[in-house]
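These notes are about the structure you will find just below.
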Amino acid sequence: MMEGESSTKEANSDDCGFMDLIISWSIEDTLHEHLYKNKVEKIELSFQSIGHYLGSFFYPLLKETRAQLCSSMEIIYQAPYAEVIGLEKNPVVNKLYKLAINSWKRRFGHKGETIQNLS
């Protein structure tokens with residue numbers, strides 16, 4: 001495998017349902033500050049198994065991800081945007097799409113940098 005490339009196996013690796021759960025959130029869920037309040041527990045110093053170790057970080061990671069998405073939604077009105085004019089599903093990697101867009105609107109960021117297409 002060449003540098004910068006990832007294998008199909010890596011791209012399709014099991015994430016324990018993490019991405020499916022995040023994608024299922026409504027806007028209200030994303031804005032709900034206490035969505036996982038009763039699920040986050042203290043992380044122990046020792047673990048019974050690898051599964052126990054990984055599982056102990058699941059809800060804290062969900063909580064942090066929700067907080068980051070919420071923070072981004074508060075400033076999204078300032079973000080550049082473009083009309084999606086085409087959508088093509090990747091036949092190899094699940095949940096990966098190629099978008100075709102029209103020209104960018106509000107192309108300049110906070111420091112004057114120009115938004116460009118990745119082609």
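Residue numbers start at 1 in each chain; chains themselves are named A, B, ... in the order of the structure tokens; ligands are numbered from 1 in the order shown.
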
Residues within 9 Å of stretch 53-66 of chain A, please, as a ChimeraX atom specification. Count only C-alpha atoms; anything in the same chain fewer than 6 positions from it doesn't count. /A:16,18,21-22,29-37,39-44,46-47

Would you save the residues from that selection as an mmCIF file, in the first residue's frame, using N, CA, C and O atoms?
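After the write, again-v7.cif holds the following:
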data_model
loop_
_atom_site.group_PDB
_atom_site.id
_atom_site.type_symbol
_atom_site.label_atom_id
_atom_site.label_comp_id
_atom_site.auth_asym_id
_atom_site.auth_seq_id
_atom_site.Cartn_x
_atom_site.Cartn_y
_atom_site.Cartn_z
ATOM 1 N N CYS A 16 -18.363 -0.055 16.120
ATOM 2 C CA CYS A 16 -19.295 -0.374 17.218
ATOM 3 C C CYS A 16 -20.596 0.416 17.113
ATOM 4 O O CYS A 16 -21.228 0.699 18.131
ATOM 5 N N PHE A 18 -20.908 3.513 16.253
ATOM 6 C CA PHE A 18 -20.699 4.919 16.611
ATOM 7 C C PHE A 18 -21.224 5.867 15.529
ATOM 8 O O PHE A 18 -21.997 6.781 15.810
ATOM 9 N N LEU A 21 -25.026 5.836 15.077
ATOM 10 C CA LEU A 21 -25.697 6.541 16.169
ATOM 11 C C LEU A 21 -25.626 8.055 15.965
ATOM 12 O O LEU A 21 -26.630 8.761 16.105
ATOM 13 N N ILE A 22 -24.468 8.561 15.612
ATOM 14 C CA ILE A 22 -24.314 10.005 15.389
ATOM 15 C C ILE A 22 -25.198 10.464 14.235
ATOM 16 O O ILE A 22 -25.882 11.481 14.330
ATOM 17 N N ASP A 29 -31.470 16.461 19.325
ATOM 18 C CA ASP A 29 -30.501 15.625 20.047
ATOM 19 C C ASP A 29 -29.136 16.313 20.096
ATOM 20 O O ASP A 29 -28.480 16.346 21.135
ATOM 21 N N THR A 30 -28.712 16.847 18.970
ATOM 22 C CA THR A 30 -27.409 17.500 18.885
ATOM 23 C C THR A 30 -27.339 18.719 19.803
ATOM 24 O O THR A 30 -26.299 18.981 20.410
ATOM 25 N N LEU A 31 -28.430 19.433 19.939
ATOM 26 C CA LEU A 31 -28.454 20.628 20.785
ATOM 27 C C LEU A 31 -28.711 20.310 22.257
ATOM 28 O O LEU A 31 -28.532 21.175 23.112
ATOM 29 N N HIS A 32 -29.104 19.075 22.566
ATOM 30 C CA HIS A 32 -29.457 18.670 23.936
ATOM 31 C C HIS A 32 -28.185 18.445 24.768
ATOM 32 O O HIS A 32 -27.501 17.434 24.634
ATOM 33 N N GLU A 33 -27.869 19.404 25.629
ATOM 34 C CA GLU A 33 -26.615 19.375 26.393
ATOM 35 C C GLU A 33 -26.475 18.149 27.287
ATOM 36 O O GLU A 33 -25.377 17.659 27.528
ATOM 37 N N HIS A 34 -27.579 17.618 27.786
ATOM 38 C CA HIS A 34 -27.520 16.493 28.727
ATOM 39 C C HIS A 34 -27.949 15.170 28.095
ATOM 40 O O HIS A 34 -28.404 14.273 28.796
ATOM 41 N N LEU A 35 -27.774 15.041 26.786
ATOM 42 C CA LEU A 35 -28.221 13.848 26.060
ATOM 43 C C LEU A 35 -27.641 12.556 26.661
ATOM 44 O O LEU A 35 -28.351 11.568 26.793
ATOM 45 N N TYR A 36 -26.385 12.562 27.049
ATOM 46 C CA TYR A 36 -25.747 11.353 27.600
ATOM 47 C C TYR A 36 -25.333 11.530 29.055
ATOM 48 O O TYR A 36 -24.487 10.800 29.560
ATOM 49 N N LYS A 37 -25.955 12.478 29.739
ATOM 50 C CA LYS A 37 -25.588 12.777 31.130
ATOM 51 C C LYS A 37 -25.613 11.537 32.023
ATOM 52 O O LYS A 37 -24.698 11.314 32.805
ATOM 53 N N LYS A 39 -25.404 8.418 31.118
ATOM 54 C CA LYS A 39 -24.688 7.281 30.529
ATOM 55 C C LYS A 39 -23.182 7.340 30.792
ATOM 56 O O LYS A 39 -22.513 6.314 30.796
ATOM 57 N N VAL A 40 -22.644 8.544 30.989
ATOM 58 C CA VAL A 40 -21.205 8.699 31.185
ATOM 59 C C VAL A 40 -20.853 8.341 32.621
ATOM 60 O O VAL A 40 -21.396 8.903 33.563
ATOM 61 N N GLU A 41 -19.963 7.388 32.755
ATOM 62 C CA GLU A 41 -19.517 6.939 34.083
ATOM 63 C C GLU A 41 -18.029 7.217 34.234
ATOM 64 O O GLU A 41 -17.322 7.464 33.257
ATOM 65 N N LYS A 42 -17.564 7.151 35.469
ATOM 66 C CA LYS A 42 -16.145 7.333 35.739
ATOM 67 C C LYS A 42 -15.365 6.218 35.042
ATOM 68 O O LYS A 42 -15.737 5.044 35.108
ATOM 69 N N ILE A 43 -14.275 6.586 34.394
ATOM 70 C CA ILE A 43 -13.439 5.600 33.716
ATOM 71 C C ILE A 43 -12.463 5.023 34.738
ATOM 72 O O ILE A 43 -11.738 5.758 35.405
ATOM 73 N N GLU A 44 -12.483 3.722 34.845
ATOM 74 C CA GLU A 44 -11.661 3.007 35.831
ATOM 75 C C GLU A 44 -10.175 3.077 35.469
ATOM 76 O O GLU A 44 -9.806 3.391 34.341
ATOM 77 N N SER A 46 -8.224 0.304 35.873
ATOM 78 C CA SER A 46 -7.894 -1.013 35.337
ATOM 79 C C SER A 46 -9.142 -1.611 34.702
ATOM 80 O O SER A 46 -10.257 -1.235 35.034
ATOM 81 N N PHE A 47 -8.923 -2.558 33.783
ATOM 82 C CA PHE A 47 -10.020 -3.093 32.989
ATOM 83 C C PHE A 47 -9.962 -4.608 32.946
ATOM 84 O O PHE A 47 -8.888 -5.201 33.018
#

Best match for closeness to A:Tyr81 among A:Asn102, A:Ser26, A:Asn38, A:Ser49, counting only C-alpha atoms: A:Asn102

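Between atom CA of A:Ser103 and atom CA of A:Ile75 there is a distance of 21.2 Å.
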